[in-house]
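Peer 1: The file below is start-v2.cif, mmCIF, C-alpha atoms:
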data_coords
#
loop_
_atom_site.label_atom_id
_atom_site.label_comp_id
_atom_site.auth_asym_id
_atom_site.auth_seq_id
_atom_site.Cartn_x
_atom_site.Cartn_y
_atom_site.Cartn_z
CA GLY A 1 13.82 -10.07 18.85
CA ALA A 2 12.84 -7.09 16.73
CA VAL A 3 10.16 -4.89 18.28
CA VAL A 4 7.88 -2.47 16.49
CA SER A 5 5.61 -0.11 18.36
CA GLN A 6 2.66 1.99 17.24
CA HIS A 7 1.16 5.04 18.84
CA PRO A 8 -1.59 5.60 19.64
CA SER A 9 -3.15 2.17 20.06
CA ARG A 10 -6.63 3.66 19.84
CA VAL A 11 -7.88 7.01 18.64
CA ILE A 12 -11.34 8.50 18.27
CA CYS A 13 -11.73 11.69 16.28
CA LYS A 14 -14.38 13.86 14.75
CA SER A 15 -15.10 13.84 11.05
CA GLY A 16 -12.94 16.37 9.20
CA THR A 17 -9.97 16.27 11.55
CA SER A 18 -6.56 14.76 10.81
CA VAL A 19 -4.97 11.95 12.75
CA LYS A 20 -1.30 10.98 12.89
CA ILE A 21 -0.18 7.43 13.67
CA GLU A 22 3.44 6.67 14.52
CA CYS A 23 5.32 3.47 13.83
CA ARG A 24 8.69 2.93 15.48
CA SER A 25 11.28 0.19 15.25
CA LEU A 26 12.67 0.05 18.77
CA ASP A 27 15.78 -2.09 18.46
CA PHE A 28 16.72 -2.11 14.80
CA GLN A 29 16.97 0.22 11.87
CA ALA A 30 14.09 -0.19 9.46
CA THR A 31 15.07 0.52 5.90
CA THR A 32 11.52 -0.17 4.76
CA MET A 33 8.20 0.22 6.53
CA PHE A 34 4.82 -0.91 5.31
CA TRP A 35 1.38 0.39 6.19
CA TYR A 36 -1.62 -1.92 6.11
CA ARG A 37 -5.30 -1.47 6.66
CA GLN A 38 -7.52 -4.18 8.06
CA PHE A 39 -11.31 -4.18 8.06
CA PRO A 40 -13.20 -6.15 10.71
CA LYS A 41 -12.69 -9.88 10.33
CA LYS A 42 -10.80 -9.37 7.09
CA SER A 43 -7.22 -9.79 5.95
CA LEU A 44 -4.53 -7.13 5.71
CA MET A 45 -4.51 -4.81 2.73
CA LEU A 46 -1.22 -3.15 1.86
CA MET A 47 -1.64 0.60 1.55
CA ALA A 48 1.88 1.84 0.93
CA THR A 49 5.57 1.17 1.26
CA SER A 50 7.95 3.74 2.66
CA ASN A 51 11.71 3.87 2.51
CA GLU A 52 13.68 6.20 4.72
CA GLY A 53 14.33 9.53 3.08
CA SER A 54 12.21 8.96 -0.01
CA LYS A 55 8.59 9.28 -1.03
CA ALA A 56 6.23 6.48 -0.21
CA THR A 57 4.97 4.13 -2.90
CA TYR A 58 1.21 3.76 -2.74
CA GLU A 59 -0.81 0.76 -3.83
CA GLN A 60 -3.41 1.13 -6.52
CA GLY A 61 -6.59 2.73 -5.22
CA VAL A 62 -4.99 4.33 -2.16
CA GLU A 63 -5.21 8.12 -2.16
CA LYS A 64 -1.79 9.56 -1.40
CA ASP A 65 -3.24 12.96 -0.49
CA LYS A 66 -5.59 11.30 1.94
CA PHE A 67 -3.04 9.05 3.61
CA LEU A 68 0.20 10.98 4.05
CA ILE A 69 3.23 8.87 4.87
CA ASN A 70 6.53 10.19 6.13
CA HIS A 71 9.60 8.05 6.83
CA ALA A 72 11.92 10.68 8.27
CA SER A 73 14.35 8.37 10.03
CA LEU A 74 15.42 4.73 10.10
CA THR A 75 13.29 4.13 13.17
CA LEU A 76 10.16 6.17 12.55
CA SER A 77 7.40 6.29 9.96
CA THR A 78 4.15 8.20 10.32
CA LEU A 79 0.78 7.83 8.65
CA THR A 80 -1.50 10.85 8.71
CA VAL A 81 -5.13 10.37 7.79
CA THR A 82 -6.21 13.78 6.57
CA SER A 83 -9.76 15.10 6.81
CA ALA A 84 -10.90 11.80 8.26
CA HIS A 85 -14.38 10.49 7.56
CA PRO A 86 -16.30 7.60 9.12
CA GLU A 87 -15.36 5.32 6.23
CA ASP A 88 -11.70 5.76 7.23
CA SER A 89 -12.44 3.97 10.49
CA SER A 90 -10.31 0.86 10.52
CA PHE A 91 -7.41 -0.99 12.10
CA TYR A 92 -4.12 0.34 10.77
CA ILE A 93 -1.00 -1.81 11.14
CA CYS A 94 2.59 -1.04 10.27
CA SER A 95 5.46 -3.41 9.72
CA ALA A 96 9.18 -2.84 9.41
CA GLN A 97 12.03 -4.56 7.59
CA GLY A 98 15.69 -4.23 8.46
CA GLU A 99 18.81 -4.69 6.38
CA ARG A 100 19.87 -7.80 8.27
CA SER A 101 16.65 -9.69 7.47
CA PRO A 102 15.25 -8.11 4.31
CA ASP A 103 12.70 -10.89 3.79
CA THR A 104 11.26 -10.62 7.28
CA GLN A 105 8.79 -8.00 8.39
CA TYR A 106 8.03 -7.26 12.02
CA PHE A 107 4.55 -6.04 12.77
CA GLY A 108 3.40 -3.37 15.16
CA PRO A 109 0.42 -3.96 17.46
CA GLY A 110 -1.91 -1.85 15.32
CA THR A 111 -3.94 1.34 15.81
CA ARG A 112 -7.71 1.32 15.97
CA LEU A 113 -9.08 4.50 14.38
CA THR A 114 -12.71 5.45 14.89
CA VAL A 115 -14.04 8.51 13.10
CA LEU A 116 -17.33 9.85 14.42
CA THR B 1 -3.06 -8.91 -9.53
CA GLN B 2 -1.68 -11.63 -7.33
CA LEU B 3 -4.19 -13.26 -5.03
CA LEU B 4 -3.80 -15.71 -2.22
CA GLU B 5 -6.97 -17.61 -1.43
CA GLN B 6 -7.26 -19.34 1.89
CA SER B 7 -9.66 -22.12 2.73
CA PRO B 8 -11.65 -22.61 4.74
CA GLN B 9 -12.63 -19.06 5.66
CA PHE B 10 -14.02 -20.15 9.01
CA LEU B 11 -13.45 -23.24 11.07
CA SER B 12 -14.94 -24.17 14.41
CA ILE B 13 -13.70 -27.43 15.91
CA GLN B 14 -13.52 -29.25 19.22
CA GLU B 15 -10.36 -29.41 21.29
CA GLY B 16 -8.21 -32.36 20.25
CA GLU B 17 -9.26 -32.43 16.61
CA ASN B 18 -6.87 -32.01 13.70
CA LEU B 19 -7.27 -29.44 10.94
CA THR B 20 -5.63 -28.20 7.76
CA VAL B 21 -5.70 -24.70 6.33
CA TYR B 22 -4.86 -24.13 2.68
CA CYS B 23 -3.32 -21.16 0.94
CA ASN B 24 -3.52 -21.21 -2.86
CA SER B 25 -2.46 -18.96 -5.70
CA SER B 26 -1.81 -19.08 -9.41
CA SER B 27 1.36 -17.05 -8.85
CA VAL B 28 4.80 -18.20 -7.81
CA PHE B 29 6.25 -16.80 -4.59
CA SER B 30 9.90 -16.68 -3.60
CA SER B 31 8.87 -17.28 0.00
CA LEU B 32 5.73 -17.63 2.02
CA GLN B 33 4.95 -16.84 5.61
CA TRP B 34 2.23 -17.90 8.04
CA TYR B 35 0.97 -15.59 10.75
CA ARG B 36 -1.51 -15.83 13.60
CA GLN B 37 -3.40 -12.75 14.67
CA GLU B 38 -5.56 -12.19 17.72
CA PRO B 39 -8.26 -9.50 17.90
CA GLY B 40 -6.87 -6.00 18.34
CA GLU B 41 -3.27 -7.06 17.84
CA GLY B 42 -0.78 -7.21 15.01
CA PRO B 43 0.02 -10.50 13.24
CA VAL B 44 2.66 -12.72 14.79
CA LEU B 45 4.99 -14.61 12.48
CA LEU B 46 4.81 -18.40 12.84
CA VAL B 47 7.08 -19.60 10.06
CA THR B 48 8.74 -18.73 6.75
CA VAL B 49 9.10 -21.32 4.00
CA VAL B 50 11.38 -20.71 1.07
CA THR B 51 12.08 -23.92 -0.83
CA GLY B 52 9.50 -25.75 -2.95
CA GLY B 53 8.37 -28.89 -1.12
CA GLU B 54 9.76 -27.64 2.18
CA VAL B 55 8.13 -28.90 5.36
CA LYS B 56 8.59 -27.17 8.69
CA LYS B 57 7.29 -28.22 12.07
CA LEU B 58 6.59 -25.99 15.03
CA LYS B 59 5.36 -28.16 17.89
CA ARG B 60 1.85 -29.22 16.82
CA LEU B 61 1.92 -27.10 13.66
CA THR B 62 3.22 -28.46 10.35
CA PHE B 63 3.76 -26.13 7.42
CA GLN B 64 4.33 -27.19 3.84
CA PHE B 65 5.30 -25.16 0.79
CA GLY B 66 4.11 -26.57 -2.53
CA ASP B 67 6.64 -27.94 -4.99
CA ALA B 68 5.83 -25.16 -7.45
CA ARG B 69 5.87 -22.52 -4.70
CA LYS B 70 2.30 -21.47 -5.51
CA ASP B 71 0.56 -22.93 -2.51
CA SER B 72 1.04 -23.86 1.11
CA SER B 73 -0.74 -25.64 3.91
CA LEU B 74 -0.84 -25.43 7.67
CA HIS B 75 -1.79 -28.54 9.61
CA ILE B 76 -2.56 -28.39 13.32
CA THR B 77 -2.59 -31.59 15.33
CA ALA B 78 -4.70 -31.93 18.46
CA ALA B 79 -5.95 -28.36 18.40
CA GLN B 80 -6.23 -26.45 21.66
CA PRO B 81 -8.33 -23.41 22.62
CA GLY B 82 -5.12 -21.37 22.60
CA ASP B 83 -4.85 -21.99 18.85
CA THR B 84 -7.93 -19.83 18.29
CA GLY B 85 -7.22 -16.86 16.06
CA LEU B 86 -6.99 -15.55 12.52
CA TYR B 87 -4.42 -17.40 10.43
CA LEU B 88 -2.91 -15.53 7.53
CA CYS B 89 -0.56 -16.65 4.82
CA ALA B 90 1.55 -14.04 3.04
CA GLY B 91 3.56 -14.53 -0.11
CA LEU B 92 6.62 -12.60 -1.21
CA ALA B 93 6.31 -12.12 -4.93
CA SER B 94 9.46 -12.91 -6.88
CA GLY B 95 11.52 -9.85 -7.63
CA THR B 96 9.67 -7.65 -5.15
CA TYR B 97 9.90 -6.72 -1.50
CA LYS B 98 6.14 -6.71 -0.88
CA TYR B 99 4.13 -9.38 0.84
CA ILE B 100 0.67 -10.22 -0.44
CA PHE B 101 -1.64 -11.43 2.31
CA GLY B 102 -4.11 -14.24 1.95
CA THR B 103 -7.82 -13.89 2.62
CA GLY B 104 -7.47 -15.35 6.10
CA THR B 105 -8.86 -18.31 8.02
CA ARG B 106 -10.62 -17.71 11.29
CA LEU B 107 -10.20 -20.67 13.63
CA LYS B 108 -12.12 -21.27 16.81
CA VAL B 109 -11.23 -24.21 19.01
CA LEU B 110 -13.87 -25.09 21.58
CA ALA B 111 -12.92 -26.56 24.93
#
Now that the file is in, can you turn its structure into structure tokens?
Peer 2:
Amino acid sequence: GAVVSQHPSRVICKSGTSVKIECRSLDFQATTMFWYRQFPKKSLMLMATSNEGSKATYEQGVEKDKFLINHASLTLSTLTVTSAHPEDSSFYICSAQGERSPDTQYFGPGTRLTVL
Amino acid sequence: TQLLEQSPQFLSIQEGENLTVYCNSSSVFSSLQWYRQEPGEGPVLLVTVVTGGEVKKLKRLTFQFGDARKDSSLHITAAQPGDTGLYLCAGLASGTYKYIFGTGTRLKVLA
């Protein structure tokens, strides 16, 4: 089956620093990757959609300068939280879609970000 | 804005009981998925339903897509502690590639 990995799984950083989270599709080429944010005991909120080689499309209310997304290859997308603050602490999850199953998204295991 | 409301939000039941989780919207979806998520992990896909009125069974889980493709239900028979988790429905809006996630139902099955 399709496998998506995220790195790191957990990260703790100081307020004001930037953090990069990687999302990789290990055994398929992901034409589209999605980034979600999940607050404790809440559902997933779509932040942005990225397609390989083009700029990400951000959902309403998500600051594109705050959450930088790069989809440089068909197997890698990165989310960089710039100048992180405690309110950015959350569980960030990526998912990937391939050409063969465009209606199916495969989720990564998530990254827990804690900003002190 | 498309919304998917799930009910109930929380459910705590004894092992062996049956339960139904509902996922409702005023919008039409071209397909709908159900996921189960455990703490600290990503969601795991359980099923995808595409056709209005479709019923799919996965062991003790029965999924139904509404005739109008605006709602869905998940029925679990003889729940087990291993069924504990956050259940999420997600709808694929017609003409788009984005999934909208429901508000979630947190299930706890007590032994």
Peer 1: Which of these residues is nearest to chain A, using all atoms listed in the file: B:Leu3, B:Val28, B:Leu74, B:Leu61?
Peer 2: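 So, comparing all the options, the nearest one is B:Leu3.
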Peer 1: Where does the PyMOL selection byres ((chain A and resi 2) around 8) land in this file, that is, which residues does it pick, as an mmCIF file with C-alpha atoms, in the coordinates of the input?
Peer 2:
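Just written: selection.cif:
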data_model
loop_
_atom_site.group_PDB
_atom_site.id
_atom_site.type_symbol
_atom_site.label_atom_id
_atom_site.label_comp_id
_atom_site.auth_asym_id
_atom_site.auth_seq_id
_atom_site.Cartn_x
_atom_site.Cartn_y
_atom_site.Cartn_z
ATOM 1 C CA GLY A 1 13.820 -10.070 18.850
ATOM 2 C CA VAL A 3 10.160 -4.890 18.280
ATOM 3 C CA VAL A 4 7.880 -2.470 16.490
ATOM 4 C CA SER A 25 11.280 0.190 15.250
ATOM 5 C CA LEU A 26 12.670 0.050 18.770
ATOM 6 C CA ASP A 27 15.780 -2.090 18.460
ATOM 7 C CA PHE A 28 16.720 -2.110 14.800
ATOM 8 C CA TYR A 106 8.030 -7.260 12.020
#
Peer 1: Name the closest residue to chain B among the candidates A:Asn70, A:Ser101, A:Thr49, A:Thr114; distances are taken between atoms, counting all atoms listed in the file.
Peer 2: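 Using all atoms listed in the file, the shortest distance to chain B belongs to A:Thr49.
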Peer 1: Pull out every residue of chain A sitting within 9 Å of chain B, counting only C-alpha atoms, and send them as a list of chain:residue names.
Peer 2: A:Phe34, A:Lys41, A:Lys42, A:Ser43, A:Leu44, A:Met45, A:Leu46, A:Thr49, A:Phe91, A:Ile93, A:Cys94, A:Pro102, A:Asp103, A:Thr104, A:Gln105, A:Tyr106, A:Phe107, A:Gly108, A:Pro109, A:Gly110, A:Thr111, A:Arg112
Peer 1: Between atom CA of B:Thr77 and atom CA of B:Thr62, measure the distance and give it in Å to one decimal.
Peer 2: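 If I compute the distance from atom CA of B:Thr77 to atom CA of B:Thr62, I get 8.3 Å.
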Peer 1: What does the PyMOL selection byres ((chain A and resi 51-64) around 10) select in this file, as a list in words?
Peer 2: Gln29, Ala30, Thr31, Thr32, Met33, Phe34, Trp35, Met45, Leu46, Met47, Ala48, Thr49, Ser50, Asp65, Lys66, Phe67, Leu68, Ile69, Asn70, His71, Ala72, Ser73, Leu74, Thr75, Leu76, Ser77, Val81, Ala96 and Gln97 of chain A
Peer 1: Measure the distance from atom CA of A:Glu87 to atom CA of B:Gly91 in Å and round it to one decimal.
Peer 2: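 Atom-to-atom, atom CA of A:Glu87 and atom CA of B:Gly91 are spaced 28.1 Å apart.
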Peer 1: Quick check, in Å to one decimal: how far apart do atom CA of A:His7 and atom CA of B:Arg36 lie?
Peer 2: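 These two atoms are separated by 21.7 Å.
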